[in-house]
Amino acid sequence: MVEVKKEGILIEKTTLGFENEGVLNPAAIREGEYVHLFYRAVRKGNYSGIGYCKLKGALTVEERSDTPVLFAQAEYESHGLEDPRIVKIEDLYYLTFTAYDGINALGSLATSSDLVHWDKKGIIAPQITYEEFSRLAESKGAINEKYLRYNEPWYSREKQVEKIYLWDKNVIFFPRRINGKLHFLHRVRPDIQLVAFTDLEELTPEFWQKYFMHLDACIVLSPKHKHEVSYLGGGCPPIETEQGWLIIYHGVHDTTKGYVYSACAALLDLENPQKEIARLPYALFKPEHSWELRGEVNNVCFPTGAVVFDDTLYIYYGAADERIATASLSLSALLTELLLYTGKDGN
């Protein structure tokens with residue numbers, strides 16, 4: 001097994017109004033000797049914005065903003081901007097997050113050329129109803145029943161809402177074009193799916209209708225091992241290595257004490273990221289310390305950002321949905337371990 005060091009809590013909530021309930025699930029990007037963190041900041045009432053913190057090296061806080069850098073400005077994000085991820089493609093930073101309006105949770109995008117000024121592009125995930133999704137996805141035959149069980153809009157029975165969309169979260173871009181196309185991972189439970197397209201204008205309702213008619217061909221990772229048996233979802237942006245795209249994702253399994261969220265690892269093919277090369281048959285790390293076991297949501301290690309210094313991979317994660325912690329490990333050791341488990345069956 002790979003040796004993982006828990007570095008402990010990196011930042012915690014403050015008394016500031018925009019982050020007095022929790023800080024969690026940060027996007028991370030390295031620029032020179034600095035790491036820029038854009039994290040989910042939660043205020044009372046479970047309303048989220050995106051806070052900012054700059055690190056010197058991987059672990060030393062040098063600067064932290066006392067106001068959110070991104071906050072709700074439109075109805076579709078009126079209850080929060082959640083769980084950001086960030087990559088740089090050519091000269092532009094892509095910051096994705098989940099926009100939440102109190103009912104709908106959908107992947108959205110903001111871009112920047114300087115990490116200071118942000119241009120919100122709006123929702124880029126499909127805005128599709130559960131009924132339309134199930135009709136399209138089953139057009140070629142039955143699909144995994146978990147898609148229907150996990151995504152049925154239970155709240156529609158209690159609330160009269162004009163538009164209830166399929167939840168589509170964990171939108172995470174690859175940090176470069178692959179064969180001329182942009183790619184992002186996203187998650188309609190219980191699997192991780194992949195989208196490829198030339199530019200954002202291509203993501204029309206017609207595009208998504210065709211996409212869901214071929215849903216099986218778009219699935220990248222499905223639950224396979226015990227620690228991810230309930231469902232899984234994207235974590236950190238893909239890291240390009242000689243062996244493939246390193247994917248740090250989250251896996252979830254149900255217990256008598258509720259769901260347990262763990263960090264997991266897999267490798268995807270560099271030129272065809274639809275192809276899984278290898279996957280660890282065990283969790284890379286899981287909740288074990290008090291700050292991971294107890295919080296706003298117990299038993300959670302939720303990885304969302306990662307950077308590399310020399311051969312050390314630092315993974316930033318939400319701990320119990322209340323604080324941000326860091327884990328570190330050898331990148332080369334992780335890749336060597338992964339390659340022991342090549343193939344779809346992990347052997």
# chains A, B, ... in the order shown; residues from 1 in each chain; ligands from 1
>>> select_by_dssp(residues="region 202-237 of chain A", states="helix (DSSP H, G or I)", output="JSON, numbers by chain")
{"A": [202, 205, 206, 207, 208, 209, 210, 211, 212, 213, 215, 216, 217, 218, 226, 227, 228]}
>>> select_by_dssp(residues="region 116-240 of chain A", states="strand (DSSP E or B)", output="CSV table (one decimal) with C-alpha atoms, in the first residue's frame")
chain,number,residue,atom,x,y,z
A,119,ASP,CA,-15.9,36.2,-15.7
A,120,LYS,CA,-18.8,34.0,-14.8
A,121,LYS,CA,-19.9,31.9,-17.8
A,122,GLY,CA,-22.9,30.5,-16.1
A,123,ILE,CA,-24.2,26.9,-15.9
A,129,THR,CA,-35.3,17.2,-16.0
A,165,TYR,CA,-33.3,19.6,-12.9
A,168,ASP,CA,-25.0,17.3,-12.1
A,169,LYS,CA,-22.0,18.1,-9.9
A,170,ASN,CA,-18.2,17.8,-9.7
A,171,VAL,CA,-17.5,19.4,-13.1
A,172,ILE,CA,-13.7,19.2,-13.5
A,173,PHE,CA,-11.7,20.2,-16.6
A,178,ILE,CA,-6.9,16.3,-25.9
A,181,LYS,CA,-11.0,19.1,-27.7
A,182,LEU,CA,-11.8,20.3,-24.2
A,183,HIS,CA,-12.7,17.6,-21.8
A,184,PHE,CA,-14.4,17.6,-18.4
A,185,LEU,CA,-15.4,15.0,-15.9
A,186,HIS,CA,-18.8,15.4,-14.2
A,187,ARG,CA,-21.0,13.3,-12.0
A,192,ILE,CA,-18.2,9.6,-13.2
A,193,GLN,CA,-18.9,10.6,-16.8
A,194,LEU,CA,-16.7,12.4,-19.4
A,195,VAL,CA,-17.7,15.1,-21.9
A,196,ALA,CA,-15.6,16.2,-24.9
A,197,PHE,CA,-16.3,19.3,-27.0
A,219,ILE,CA,-19.1,6.6,-18.2
A,220,VAL,CA,-15.4,6.7,-17.1
A,221,LEU,CA,-15.5,5.2,-13.6
A,231,TYR,CA,-21.3,5.9,-5.6
A,232,LEU,CA,-18.3,7.9,-6.6
A,233,GLY,CA,-17.5,11.3,-8.0
A,239,ILE,CA,-2.7,15.3,-13.3
A,240,GLU,CA,-0.7,14.5,-16.4
>>> closest_residue(among="A:Thr15, A:Thr342, A:Thr60, A:Ser48", to="Ala72 (chain A)", atoms="only C-alpha atoms")
A:Ser48
>>> closest_residue(among="A:Glu77, A:Glu31, A:Glu292, A:Glu271", to="Ala325 (chain A)", atoms="only C-alpha atoms")
A:Glu292
>>> closest_residue(among="A:Ile324, A:Val87, A:Cys218, A:Leu95", to="Lys13 (chain A)", atoms="only C-alpha atoms")
A:Ile324
>>> residues_around(residues="Ala306 (chain A)", least_positions_apart="5", cutoff="9 Å", atoms="only C-alpha atoms", output="JSON, numbers by chain")
{"A": [27, 28, 29, 30, 236, 237, 239, 248, 313, 314, 315, 316, 317]}
>>> write_last_selection(atoms="C-alpha atoms", output="compact mmCIF listing (two decimals), in the first residue's frame")
# COMPACT_ATOMS: atom_id res chain seq x y z
CA ALA A 27 -9.57 24.25 -5.56
CA ALA A 28 -5.76 24.41 -5.72
CA ILE A 29 -3.30 25.53 -8.35
CA ARG A 30 0.45 26.02 -8.13
CA CYS A 236 -8.99 16.79 -7.94
CA PRO A 237 -8.33 17.90 -11.52
CA ILE A 239 -2.68 15.32 -13.27
CA ILE A 248 -7.85 11.47 -7.39
CA LEU A 313 1.84 15.07 -4.19
CA TYR A 314 -0.14 17.27 -1.82
CA ILE A 315 -3.89 16.66 -1.72
CA TYR A 316 -6.18 19.27 -0.21
CA TYR A 317 -9.50 17.98 1.05
>>> residues_around(residues="Lys257 (chain A)", least_positions_apart="3", cutoff="12 Å", atoms="only C-alpha atoms", output="count of residues only")
8
>>> atom_distance(atom1="CA of Arg176 (chain A)", atom2="CA of Leu92 (chain A)")
10.6 Å
>>> atom_distance(atom1="CA of Leu340 (chain A)", atom2="CA of Ala266 (chain A)")
11.5 Å
>>> closest_residue(among="A:Leu200, A:Leu339, A:Val308, A:Leu284", to="Leu267 (chain A)", atoms="only C-alpha atoms")
A:Leu339
>>> residues_around(residues="Asn272 (chain A)", least_positions_apart="5", cutoff="10 Å", atoms="only C-alpha atoms", output="mmCIF file with C-alpha atoms, in the first residue's frame")
data_model
loop_
_atom_site.group_PDB
_atom_site.id
_atom_site.type_symbol
_atom_site.label_atom_id
_atom_site.label_comp_id
_atom_site.auth_asym_id
_atom_site.auth_seq_id
_atom_site.Cartn_x
_atom_site.Cartn_y
_atom_site.Cartn_z
ATOM 1 C CA ILE A 178 -6.877 16.340 -25.921
ATOM 2 C CA ASN A 179 -6.946 15.744 -29.674
ATOM 3 C CA GLY A 244 -1.510 8.446 -17.792
ATOM 4 C CA TRP A 245 -3.904 10.951 -16.259
#
>>> residues_around(residues="Leu70 (chain A)", least_positions_apart="3", cutoff="8 Å", atoms="only C-alpha atoms", output="mmCIF file with C-alpha atoms, in the first residue's frame")
data_model
loop_
_atom_site.group_PDB
_atom_site.id
_atom_site.type_symbol
_atom_site.label_atom_id
_atom_site.label_comp_id
_atom_site.auth_asym_id
_atom_site.auth_seq_id
_atom_site.Cartn_x
_atom_site.Cartn_y
_atom_site.Cartn_z
ATOM 1 C CA GLY A 49 -19.328 31.610 -1.470
ATOM 2 C CA ILE A 50 -15.737 31.084 -2.555
ATOM 3 C CA GLY A 51 -12.926 32.296 -0.324
ATOM 4 C CA LEU A 81 -21.261 28.493 -5.014
#
>>> residues_around(residues="Leu24 (chain A)", least_positions_apart="2", cutoff="10 Å", atoms="only C-alpha atoms", output="VMD selection string")
chain A and resid 11 to 13 19 22 26 to 27 38 to 42 50 to 51 82 to 84 302 to 304 316 to 325
>>> closest_residue(among="A:Pro175, A:Gly80, A:Gly305, A:Pro126", to="Val35 (chain A)", atoms="only C-alpha atoms")
A:Gly305
>>> closest_residue(among="A:Gly141, A:Gly102, A:Gly107, A:Pro205", to="Ile164 (chain A)", atoms="only C-alpha atoms")
A:Gly102
>>> atom_distance(atom1="CA of Glu201 (chain A)", atom2="CA of Ile103 (chain A)")
25.5 Å
>>> decode(residues="region 118-155 of chain A", atoms="N, CA and C atoms", output="PDB file, in the first residue's frame")
ATOM      1  N   TRP A 118     -12.717  37.697 -12.387  1.00  0.00           N
ATOM      2  CA  TRP A 118     -13.391  36.488 -12.849  1.00  0.00           C
ATOM      3  C   TRP A 118     -14.593  36.820 -13.711  1.00  0.00           C
ATOM      4  N   ASP A 119     -14.734  36.059 -14.768  1.00  0.00           N
ATOM      5  CA  ASP A 119     -15.853  36.211 -15.697  1.00  0.00           C
ATOM      6  C   ASP A 119     -16.729  34.968 -15.588  1.00  0.00           C
ATOM      7  N   LYS A 120     -17.897  35.128 -14.994  1.00  0.00           N
ATOM      8  CA  LYS A 120     -18.795  33.992 -14.844  1.00  0.00           C
ATOM      9  C   LYS A 120     -19.441  33.642 -16.181  1.00  0.00           C
ATOM     10  N   LYS A 121     -19.315  32.385 -16.559  1.00  0.00           N
ATOM     11  CA  LYS A 121     -19.891  31.891 -17.816  1.00  0.00           C
ATOM     12  C   LYS A 121     -21.255  31.254 -17.618  1.00  0.00           C
ATOM     13  N   GLY A 122     -21.652  31.063 -16.356  1.00  0.00           N
ATOM     14  CA  GLY A 122     -22.947  30.470 -16.065  1.00  0.00           C
ATOM     15  C   GLY A 122     -22.892  28.954 -15.985  1.00  0.00           C
ATOM     16  N   ILE A 123     -24.050  28.337 -16.004  1.00  0.00           N
ATOM     17  CA  ILE A 123     -24.176  26.891 -15.906  1.00  0.00           C
ATOM     18  C   ILE A 123     -23.686  26.247 -17.201  1.00  0.00           C
ATOM     19  N   ILE A 124     -22.813  25.255 -17.080  1.00  0.00           N
ATOM     20  CA  ILE A 124     -22.360  24.517 -18.263  1.00  0.00           C
ATOM     21  C   ILE A 124     -22.796  23.056 -18.221  1.00  0.00           C
ATOM     22  N   ALA A 125     -23.297  22.595 -17.089  1.00  0.00           N
ATOM     23  CA  ALA A 125     -23.854  21.251 -17.003  1.00  0.00           C
ATOM     24  C   ALA A 125     -25.231  21.245 -17.666  1.00  0.00           C
ATOM     25  N   PRO A 126     -25.734  20.075 -18.032  1.00  0.00           N
ATOM     26  CA  PRO A 126     -27.046  20.024 -18.676  1.00  0.00           C
ATOM     27  C   PRO A 126     -28.167  20.453 -17.741  1.00  0.00           C
ATOM     28  N   GLN A 127     -29.059  21.253 -18.253  1.00  0.00           N
ATOM     29  CA  GLN A 127     -30.265  21.627 -17.525  1.00  0.00           C
ATOM     30  C   GLN A 127     -31.401  20.768 -18.088  1.00  0.00           C
ATOM     31  N   ILE A 128     -31.547  19.604 -17.480  1.00  0.00           N
ATOM     32  CA  ILE A 128     -32.445  18.588 -17.992  1.00  0.00           C
ATOM     33  C   ILE A 128     -33.245  18.013 -16.829  1.00  0.00           C
ATOM     34  N   THR A 129     -34.520  17.771 -17.036  1.00  0.00           N
ATOM     35  CA  THR A 129     -35.342  17.225 -15.966  1.00  0.00           C
ATOM     36  C   THR A 129     -35.042  15.751 -15.762  1.00  0.00           C
ATOM     37  N   TYR A 130     -35.406  15.272 -14.608  1.00  0.00           N
ATOM     38  CA  TYR A 130     -35.240  13.852 -14.316  1.00  0.00           C
ATOM     39  C   TYR A 130     -36.009  13.000 -15.319  1.00  0.00           C
ATOM     40  N   GLU A 131     -37.221  13.435 -15.648  1.00  0.00           N
ATOM     41  CA  GLU A 131     -38.045  12.660 -16.575  1.00  0.00           C
ATOM     42  C   GLU A 131     -37.397  12.576 -17.956  1.00  0.00           C
ATOM     43  N   GLU A 132     -36.861  13.700 -18.433  1.00  0.00           N
ATOM     44  CA  GLU A 132     -36.221  13.686 -19.742  1.00  0.00           C
ATOM     45  C   GLU A 132     -34.950  12.853 -19.705  1.00  0.00           C
ATOM     46  N   PHE A 133     -34.190  12.979 -18.627  1.00  0.00           N
ATOM     47  CA  PHE A 133     -32.978  12.176 -18.482  1.00  0.00           C
ATOM     48  C   PHE A 133     -33.297  10.688 -18.550  1.00  0.00           C
ATOM     49  N   SER A 134     -34.274  10.233 -17.774  1.00  0.00           N
ATOM     50  CA  SER A 134     -34.576   8.810 -17.738  1.00  0.00           C
ATOM     51  C   SER A 134     -35.093   8.321 -19.090  1.00  0.00           C
ATOM     52  N   ARG A 135     -35.865   9.161 -19.770  1.00  0.00           N
ATOM     53  CA  ARG A 135     -36.369   8.776 -21.093  1.00  0.00           C
ATOM     54  C   ARG A 135     -35.219   8.628 -22.090  1.00  0.00           C
ATOM     55  N   LEU A 136     -34.303   9.588 -22.109  1.00  0.00           N
ATOM     56  CA  LEU A 136     -33.190   9.537 -23.046  1.00  0.00           C
ATOM     57  C   LEU A 136     -32.220   8.408 -22.707  1.00  0.00           C
ATOM     58  N   ALA A 137     -31.856   8.304 -21.427  1.00  0.00           N
ATOM     59  CA  ALA A 137     -30.863   7.318 -21.016  1.00  0.00           C
ATOM     60  C   ALA A 137     -31.348   5.889 -21.232  1.00  0.00           C
ATOM     61  N   GLU A 138     -32.650   5.672 -21.168  1.00  0.00           N
ATOM     62  CA  GLU A 138     -33.200   4.329 -21.339  1.00  0.00           C
ATOM     63  C   GLU A 138     -33.685   4.071 -22.758  1.00  0.00           C
ATOM     64  N   SER A 139     -33.367   4.968 -23.671  1.00  0.00           N
ATOM     65  CA  SER A 139     -33.862   4.819 -25.035  1.00  0.00           C
ATOM     66  C   SER A 139     -33.290   3.586 -25.729  1.00  0.00           C
ATOM     67  N   LYS A 140     -32.099   3.132 -25.282  1.00  0.00           N
ATOM     68  CA  LYS A 140     -31.484   1.946 -25.884  1.00  0.00           C
ATOM     69  C   LYS A 140     -31.643   0.707 -25.011  1.00  0.00           C
ATOM     70  N   GLY A 141     -32.311   0.864 -23.881  1.00  0.00           N
ATOM     71  CA  GLY A 141     -32.485  -0.261 -22.978  1.00  0.00           C
ATOM     72  C   GLY A 141     -32.302   0.172 -21.542  1.00  0.00           C
ATOM     73  N   ALA A 142     -32.435  -0.761 -20.637  1.00  0.00           N
ATOM     74  CA  ALA A 142     -32.356  -0.461 -19.202  1.00  0.00           C
ATOM     75  C   ALA A 142     -30.964   0.034 -18.826  1.00  0.00           C
ATOM     76  N   ILE A 143     -30.904   0.935 -17.853  1.00  0.00           N
ATOM     77  CA  ILE A 143     -29.644   1.428 -17.322  1.00  0.00           C
ATOM     78  C   ILE A 143     -29.539   1.024 -15.857  1.00  0.00           C
ATOM     79  N   ASN A 144     -28.380   1.217 -15.289  1.00  0.00           N
ATOM     80  CA  ASN A 144     -28.155   0.920 -13.877  1.00  0.00           C
ATOM     81  C   ASN A 144     -29.270   1.552 -13.042  1.00  0.00           C
ATOM     82  N   GLU A 145     -29.951   0.744 -12.261  1.00  0.00           N
ATOM     83  CA  GLU A 145     -31.097   1.253 -11.506  1.00  0.00           C
ATOM     84  C   GLU A 145     -30.709   2.313 -10.484  1.00  0.00           C
ATOM     85  N   LYS A 146     -29.415   2.375 -10.135  1.00  0.00           N
ATOM     86  CA  LYS A 146     -28.980   3.417  -9.201  1.00  0.00           C
ATOM     87  C   LYS A 146     -29.163   4.814  -9.791  1.00  0.00           C
ATOM     88  N   TYR A 147     -29.066   4.954 -11.128  1.00  0.00           N
ATOM     89  CA  TYR A 147     -29.285   6.265 -11.740  1.00  0.00           C
ATOM     90  C   TYR A 147     -30.681   6.777 -11.406  1.00  0.00           C
ATOM     91  N   LEU A 148     -31.637   5.897 -11.478  1.00  0.00           N
ATOM     92  CA  LEU A 148     -33.011   6.313 -11.219  1.00  0.00           C
ATOM     93  C   LEU A 148     -33.256   6.466  -9.719  1.00  0.00           C
ATOM     94  N   ARG A 149     -32.694   5.565  -8.926  1.00  0.00           N
ATOM     95  CA  ARG A 149     -32.922   5.629  -7.479  1.00  0.00           C
ATOM     96  C   ARG A 149     -32.266   6.856  -6.853  1.00  0.00           C
ATOM     97  N   TYR A 150     -31.018   7.171  -7.292  1.00  0.00           N
ATOM     98  CA  TYR A 150     -30.302   8.290  -6.684  1.00  0.00           C
ATOM     99  C   TYR A 150     -30.792   9.652  -7.178  1.00  0.00           C
ATOM    100  N   ASN A 151     -31.359   9.700  -8.367  1.00  0.00           N
ATOM    101  CA  ASN A 151     -31.638  10.993  -8.982  1.00  0.00           C
ATOM    102  C   ASN A 151     -33.108  11.355  -9.055  1.00  0.00           C
ATOM    103  N   GLU A 152     -33.974  10.457  -8.637  1.00  0.00           N
ATOM    104  CA  GLU A 152     -35.398  10.794  -8.634  1.00  0.00           C
ATOM    105  C   GLU A 152     -35.628  12.002  -7.740  1.00  0.00           C
ATOM    106  N   PRO A 153     -36.342  13.021  -8.233  1.00  0.00           N
ATOM    107  CA  PRO A 153     -36.504  14.274  -7.461  1.00  0.00           C
ATOM    108  C   PRO A 153     -37.509  14.120  -6.328  1.00  0.00           C
ATOM    109  N   TRP A 154     -37.063  13.537  -5.219  1.00  0.00           N
ATOM    110  CA  TRP A 154     -37.940  13.300  -4.081  1.00  0.00           C
ATOM    111  C   TRP A 154     -38.587  14.575  -3.550  1.00  0.00           C
ATOM    112  N   TYR A 155     -37.849  15.694  -3.668  1.00  0.00           N
ATOM    113  CA  TYR A 155     -38.355  16.932  -3.086  1.00  0.00           C
ATOM    114  C   TYR A 155     -39.529  17.502  -3.879  1.00  0.00           C
TER     115      TYR A 155
END
